[in-house]
Amino acid sequence: MRAGFVSSPHSARVNRVDWVMLQVCLALIPGILAMVWFFGWGVLINVALAVVFAVSAEAIVMKLRGRPVLPAIGDYSAVVTGVLFALTVPPTLPWWLTLLGILFAIVIVKQLYGGIGYNPFNPAMAGYVFLLISYPVQTTTWLPPDIPALLEARDLTLLSFMDSARLIFTGVLPAGLGWDAVSAATPLDEMRTMLDQGAAIGEIRQSPLSGLFGGRGWEWVAGGFLVGGLYLLWQRVITWHIPVAFSAGLFVTAGIFWFVDPGTHPSPLFHLFSGGALLGAFFIATDPVSACTTPRGQLIYGASIGALIYVIRTWGGYPDAVAFAVLLLNIAAPMIDHYTQPRVFGHGKRA
Amino acid sequence: MKTKSLLSNGRAPKLWHFHGGVHLPDEKQLSNTVAVADAPISAQLVIPLQQHIGAPSRPCVAVGEHVKKGQMIGEPQGYISAPVHAPSSGVVSAIEPRPVPHPSGLSAPCIVIDTDGEDAWGELPEPIADFEQAEANVLRERVRMSGIVGMGGASFPSNVKLNPGADQPIGTLIINGAECEPYITCDDLLMRERAADIIDGVRVMLHVLAAPKCLIGIEDNKPEAIDAMRRAVADRDLGGRIDVVAIPTLYPSGGEKQLIKILTGKEVPSHGIPAQIGIVCQNVGTAAAVADAVLRGRPLIERLVTVTGRAVRSPRNYRVRIGTPAQDLVAASGGLGEDLAKLVVGGPMMGFKIESDAIPVTKAANCILALTAAETPDPGEPLACIRCGRCAEVCPANLLPQQLYWHARAKDLDKVQDYNLFDCIECGCCAHVCPSHIPLVQYYRYAKAESWARESEKRAAEHARERHAAREARLERQERERKAKLRKKKEAIAPKPGGEGGEGPGDDAKKAAIEAARKRVLDKKAKQPPAEGADAVAPPPHDAQTEPAAASKPAPRTERQAVEEAQS
């Protein structure tokens, strides 16, 4: 019995931070499997590296701050940050960039603000954006999905496990191959480039990169994250508000432009199943620390991120926008919370 | 379904929802499968003088006096107060502070009775069998003098609740049989075994309140109780005014405001009471006590207590005399196991921990809960809040517990009130689901106590300021008067034309007035017998008039008092 803790309730607690974080890790598995399937072992190597770096960084900073280390790394929040970061960067990212991004995420964005619970920004997204701005080439060089027809059409080569490891740790490409032979644009890049060149949606859809409604391979990855997200909803780790509002915000905004002119605007489903949209909707925007907390606030927060993603994708300087949109709304979250407080029991129409 | 509700008009009742709530393992089967047993008469009964909200009762027996069962031993002081009665016959052996069931663990004044084992009843007031013909005031007085207070835990004097005032018509009486806390089954067993008495109590209360209908809310995890109550209603209530409604099992449905919302859809206003929306809510135990008091003349001297938890050998319910030491009940249940981790009065969600079972059962004590470490695991060191918002999801008051926590932690008492801290009912749902195991309720209690302390400090400071200002004004006035008198004296001395004394015409008139007033007062006094409390009515005249500095002042005061006396 702990002296001092005598206040009710005396019941067994039904929830734990480490359980919540483990559920998030579990829910990421389908998406990770799909990514490994389509983009090779680099994904797993990155995940492992990022997790080791994140947990080590967390432990060292806690030690420096003179705080207990075990509870901090035992809540698995650093693991989640590491995994999410690794899933947003290309599977070829040099190890030292992963280290740099993670250090920025854990040390500056998370711990300098006071550690878990106190960071105003999503650490994984802040770390990613830091790299995206500082090292734009390395962070946007993606591999082609492992689809034979596509590889043949574009004359591309896949990287083996050893190739990936060598590339990540030494930066050396397999003998006789240049970047052109192993990398490919993401569907969002391709869409953006071709639209800028004046191509119509119909033409772009003929590209070997195009799948059912998103990019080939990519849409399966998105599907994997959707499955994981539904698991989180079922386990009540997250509520429906942010993912639904996020998806609706993106879908409706894209839908309006697509409805007006489907010739020059990709369909809303393409937007939803491309890039990091579904990963963002279920795993990133739902980060409880940096998101809104009131139900109405969460709706506004999610919908704004969704709409902002469309705006940045369509008119901004970056092909994908989940990280920027999430960070922008992170800043707005406290204000949104302030104006969306629920009506308290026994109070009139407005609390 | 067995527990499906039908109203007396044959329609299914419409039920409303409150926000949030949690589903808890109810643990009721531990203690609700065995019939209620009579607890043995303890050698010593310890009856706290304050077992209710309001002023404590005042002992009306002396140490060494022999008392009979049911005899009043502490009388109420003031309107919001309640008497206490001897739960058994015996000798008053002490009136002194003893440990009482209170979260603070402090002692409070108690009357100690060494029982004689005869359990002999004293003289009881006449039963009011024909209560429908009785006046509401008579019945309320009976309820008051029987020491009945809310038995659901709040222990507010019941007669006060039954007197909402003429301008506050009551449309619905709500009887709380929800018993939503896990483990506790005393209301369940009471409803199974004394349903008829509860319904009689309800009929008395309906008559007192002149209310047209009554809804009895019972959680649907108590099908036997619901059946028993339905049968009793069918037998006893001829007017179809009483409906037994099965409500979904969800903690905290038994909270007064939550139950009212479920049954009527109405919300008790913040900082308000149910009477403001035409509702009075009473516990089933209170209803049975009202029946005892009115129909049998018996005061509230016993109640049902659940002794449960996995750290007692044989959990069950007891009919217990108020003042019985909890340890005697625990002993009757086979004693405490080695694995006892925490002893609690009340339920696991809202009860409070006690250090020892050497405390008496009071009118509000519904459960003695002995929990093992498995039932009440150490939540461990709290982690940082991750703002997940689970607390807000389950809060039945629809508060933002997380924001309250941040501001309470920062001791920002204005902000916690902005976030409506005082609408928190301390049900514990937020702390129950918190993944960081933060003792949220403790923070709220702390913030409430700090706010009250600040409020009273503010009042004290305001009072001191007013007193200071009044003193300044008085000194200034006295100085002014002194100067004026001095000036007049000088004026009177200065001319001195004839041999007449130094008193001006103004002073003359004043003196005459004073003299006349004094004479009137003295005359009046002489006429009245001194025992009439004349001193209490007019204490100042003597002092005021013998005080020279105030000589110019007393005239109007004396006159006023003379008038007052004349009126009396």
# chains A, B, ... in the order shown; residues from 1 in each chain; ligands from 1
$ interface_residues --of "chain A" --to "chain B" --cutoff "7 Å" --atoms "only C-alpha atoms" --output "PyMOL selection string"
chain A and resi 1-2+6-17+116-117+288-289+293+342-347
$ write_last_selection --atoms "N, CA and C atoms" --output "mmCIF file, in the first residue's frame"
data_model
loop_
_atom_site.group_PDB
_atom_site.id
_atom_site.type_symbol
_atom_site.label_atom_id
_atom_site.label_comp_id
_atom_site.auth_asym_id
_atom_site.auth_seq_id
_atom_site.Cartn_x
_atom_site.Cartn_y
_atom_site.Cartn_z
ATOM 1 N N MET A 1 0.840 -1.203 0.000
ATOM 2 C CA MET A 1 0.000 0.000 0.000
ATOM 3 C C MET A 1 0.872 1.250 0.000
ATOM 4 N N ARG A 2 0.533 2.174 -0.835
ATOM 5 C CA ARG A 2 1.339 3.376 -0.945
ATOM 6 C C ARG A 2 0.777 4.430 -0.001
ATOM 7 N N VAL A 6 -4.651 7.681 -0.790
ATOM 8 C CA VAL A 6 -5.749 7.084 -0.048
ATOM 9 C C VAL A 6 -7.088 7.493 -0.650
ATOM 10 N N SER A 7 -7.074 8.424 -1.581
ATOM 11 C CA SER A 7 -8.326 8.929 -2.112
ATOM 12 C C SER A 7 -8.991 7.871 -2.979
ATOM 13 N N SER A 8 -10.328 7.903 -3.003
ATOM 14 C CA SER A 8 -11.053 7.006 -3.877
ATOM 15 C C SER A 8 -10.764 7.406 -5.329
ATOM 16 N N PRO A 9 -10.996 6.601 -6.326
ATOM 17 C CA PRO A 9 -11.510 5.246 -6.230
ATOM 18 C C PRO A 9 -10.432 4.235 -5.831
ATOM 19 N N HIS A 10 -10.913 3.147 -5.226
ATOM 20 C CA HIS A 10 -10.006 2.089 -4.802
ATOM 21 C C HIS A 10 -10.014 0.919 -5.783
ATOM 22 N N SER A 11 -10.713 1.099 -6.883
ATOM 23 C CA SER A 11 -10.849 0.015 -7.855
ATOM 24 C C SER A 11 -9.537 -0.204 -8.610
ATOM 25 N N ALA A 12 -9.432 -1.358 -9.250
ATOM 26 C CA ALA A 12 -8.270 -1.627 -10.092
ATOM 27 C C ALA A 12 -8.362 -0.745 -11.327
ATOM 28 N N ARG A 13 -7.258 -0.103 -11.684
ATOM 29 C CA ARG A 13 -7.256 0.748 -12.879
ATOM 30 C C ARG A 13 -7.367 -0.131 -14.127
ATOM 31 N N VAL A 14 -8.080 0.378 -15.128
ATOM 32 C CA VAL A 14 -8.360 -0.474 -16.278
ATOM 33 C C VAL A 14 -7.529 -0.110 -17.493
ATOM 34 N N ASN A 15 -6.623 0.821 -17.365
ATOM 35 C CA ASN A 15 -5.939 1.338 -18.533
ATOM 36 C C ASN A 15 -4.515 1.703 -18.137
ATOM 37 N N ARG A 16 -3.596 1.559 -19.055
ATOM 38 C CA ARG A 16 -2.213 1.935 -18.754
ATOM 39 C C ARG A 16 -1.575 2.543 -19.987
ATOM 40 N N VAL A 17 -0.684 3.490 -19.778
ATOM 41 C CA VAL A 17 -0.043 4.143 -20.911
ATOM 42 C C VAL A 17 0.723 3.117 -21.751
ATOM 43 N N ILE A 116 7.061 13.267 -22.118
ATOM 44 C CA ILE A 116 5.736 12.818 -22.559
ATOM 45 C C ILE A 116 4.630 13.635 -21.886
ATOM 46 N N GLY A 117 3.657 14.012 -22.676
ATOM 47 C CA GLY A 117 2.527 14.750 -22.136
ATOM 48 C C GLY A 117 2.670 16.253 -22.245
ATOM 49 N N PRO A 288 -2.476 11.711 -28.729
ATOM 50 C CA PRO A 288 -3.298 12.444 -27.771
ATOM 51 C C PRO A 288 -2.618 13.696 -27.230
ATOM 52 N N VAL A 289 -1.306 13.645 -27.091
ATOM 53 C CA VAL A 289 -0.615 14.752 -26.437
ATOM 54 C C VAL A 289 -0.766 16.042 -27.226
ATOM 55 N N THR A 293 -8.539 17.832 -27.375
ATOM 56 C CA THR A 293 -9.072 16.855 -26.429
ATOM 57 C C THR A 293 -10.591 16.889 -26.321
ATOM 58 N N PRO A 342 -17.238 21.317 -23.694
ATOM 59 C CA PRO A 342 -18.587 20.748 -23.699
ATOM 60 C C PRO A 342 -19.489 21.449 -22.694
ATOM 61 N N ARG A 343 -20.794 21.308 -22.898
ATOM 62 C CA ARG A 343 -21.766 21.864 -21.962
ATOM 63 C C ARG A 343 -21.768 20.996 -20.706
ATOM 64 N N VAL A 344 -21.477 21.594 -19.597
ATOM 65 C CA VAL A 344 -21.382 20.849 -18.348
ATOM 66 C C VAL A 344 -22.783 20.536 -17.822
ATOM 67 N N PHE A 345 -22.930 19.352 -17.221
ATOM 68 C CA PHE A 345 -24.215 18.911 -16.657
ATOM 69 C C PHE A 345 -24.818 19.993 -15.764
ATOM 70 N N GLY A 346 -26.077 20.286 -16.006
ATOM 71 C CA GLY A 346 -26.768 21.239 -15.148
ATOM 72 C C GLY A 346 -26.547 22.685 -15.535
ATOM 73 N N HIS A 347 -25.778 22.923 -16.606
ATOM 74 C CA HIS A 347 -25.595 24.281 -17.081
ATOM 75 C C HIS A 347 -26.518 24.505 -18.272
#
$ residues_around --residues "Arg58 in chain B" --least-positions-apart "3" --cutoff "9 Å" --atoms "only C-alpha atoms" --output "list in words"
Leu49, Ile73, Gly74, Glu75, Pro76, Gln77 and Pro83 of chain B
$ select_by_dssp --residues "range 8-224 of chain B" --states "alpha helix (DSSP H)" --output "JSON, numbers by chain"
{"B": [136, 137, 138, 139, 140, 141, 142, 143, 144, 145, 158, 159, 160, 161, 186, 187, 188, 189, 190, 191, 192, 193, 195, 196, 197, 198, 199, 200, 201, 202, 203, 204, 205, 206, 207, 208, 209, 223, 224]}
$ residues_around --residues "Leu139 in chain B" --least-positions-apart "5" --cutoff "10 Å" --atoms "only C-alpha atoms" --output "JSON, numbers by chain"
{"B": [128, 131, 132, 134, 144, 145, 159, 162, 204, 205, 207, 208, 290, 293, 294]}
$ select_by_dssp --residues "range 45-121 of chain B" --states "strand (DSSP E)" --output "MDAnalysis selection string"
chainID B and resid 45:48 58:59 66:67 72:75 84:85 90:99 107:115
$ residues_around --residues "range 216-220 of chain B" --least-positions-apart "3" --cutoff "10 Å" --atoms "only C-alpha atoms" --output "count of residues only"
43
$ residues_around --residues "range 183-185 of chain B" --least-positions-apart "3" --cutoff "7 Å" --atoms "only C-alpha atoms" --output "list in words"
Asp26, Glu27, Lys28, Ser31, Asn32, Asp188, Leu189, Thr306, Thr308, Gly347 and Cys367 of chain B
$ write_last_selection --atoms "N, CA and C atoms" --output "tab-separated table (two decimals), in the first residue's frame"
chain	number	residue	atom	x	y	z
B	26	ASP	N	-19.52	-5.86	-11.05
B	26	ASP	CA	-20.33	-5.37	-9.93
B	26	ASP	C	-20.03	-6.06	-8.60
B	27	GLU	N	-19.47	-7.28	-8.63
B	27	GLU	CA	-19.02	-7.95	-7.40
B	27	GLU	C	-20.14	-8.09	-6.36
B	28	LYS	N	-21.39	-8.03	-6.81
B	28	LYS	CA	-22.48	-8.05	-5.84
B	28	LYS	C	-22.77	-9.47	-5.38
B	31	SER	N	-22.01	-10.91	-1.80
B	31	SER	CA	-22.77	-10.70	-0.58
B	31	SER	C	-24.29	-10.77	-0.77
B	32	ASN	N	-24.79	-10.91	-2.00
B	32	ASN	CA	-26.24	-10.81	-2.14
B	32	ASN	C	-26.94	-12.17	-2.24
B	188	ASP	N	-30.16	-3.58	-2.17
B	188	ASP	CA	-30.70	-4.73	-2.89
B	188	ASP	C	-31.45	-5.64	-1.90
B	189	LEU	N	-30.79	-6.01	-0.82
B	189	LEU	CA	-31.39	-6.92	0.16
B	189	LEU	C	-32.58	-6.25	0.86
B	306	THR	N	-23.55	-3.77	4.44
B	306	THR	CA	-22.91	-4.87	3.72
B	306	THR	C	-21.48	-5.00	4.23
B	308	THR	N	-18.28	-6.88	3.11
B	308	THR	CA	-17.89	-7.66	1.94
B	308	THR	C	-16.46	-7.38	1.53
B	347	GLY	N	-18.29	2.21	-0.93
B	347	GLY	CA	-17.93	1.37	-2.07
B	347	GLY	C	-16.51	1.65	-2.55
B	367	CYS	N	-21.54	0.22	3.86
B	367	CYS	CA	-20.70	-0.92	3.53
B	367	CYS	C	-19.36	-0.85	4.25
$ atom_distance --atom1 "CA of Gly171 in chain B" --atom2 "CA of Val233 in chain B"
19.1 Å
$ residues_around --residues "Val36 in chain A" --least-positions-apart "3" --cutoff "10 Å" --atoms "only C-alpha atoms" --output "list of chain:residue names"
A:Pro30, A:Gly31, A:Ile32, A:Leu33, A:Phe39, A:Gly40, A:Trp41, A:Gly42, A:Val43, A:Leu44, A:Ile45, A:Pro91, A:Pro145, A:Asp146, A:Val221
$ closest_residue --among "A:Ile102, A:Ala50, A:Val107, A:Ile309" --to "Met62 in chain A" --atoms "only C-alpha atoms"
A:Val107
$ residues_around --residues "Glu203 in chain A" --least-positions-apart "5" --cutoff "12 Å" --atoms "only C-alpha atoms" --output "list in words"
Glu190, Met191, Met194, Leu195, Gln197, Gly198, Pro208, Leu209, Ser210, Gly263, Thr264 and Pro266 of chain A
$ write_last_selection --atoms "C-alpha atoms" --output "CSV table (one decimal), in the first residue's frame"
chain,number,residue,atom,x,y,z
A,190,GLU,CA,3.9,11.6,-60.4
A,191,MET,CA,0.4,13.2,-60.2
A,194,MET,CA,2.2,15.3,-64.8
A,195,LEU,CA,-0.5,17.8,-63.9
A,197,GLN,CA,3.0,19.4,-67.4
A,198,GLY,CA,-0.6,19.7,-68.5
A,208,PRO,CA,2.1,2.0,-64.6
A,209,LEU,CA,2.3,3.6,-61.2
A,210,SER,CA,-1.5,3.9,-61.0
A,263,GLY,CA,-10.2,16.1,-65.8
A,264,THR,CA,-7.6,18.0,-63.8
A,266,PRO,CA,-7.7,13.4,-58.9
$ closest_residue --among "A:Gln341, A:Ser134, A:Ser304, A:Asn122" --to "Ala325 in chain A" --atoms "only C-alpha atoms"
A:Ser304
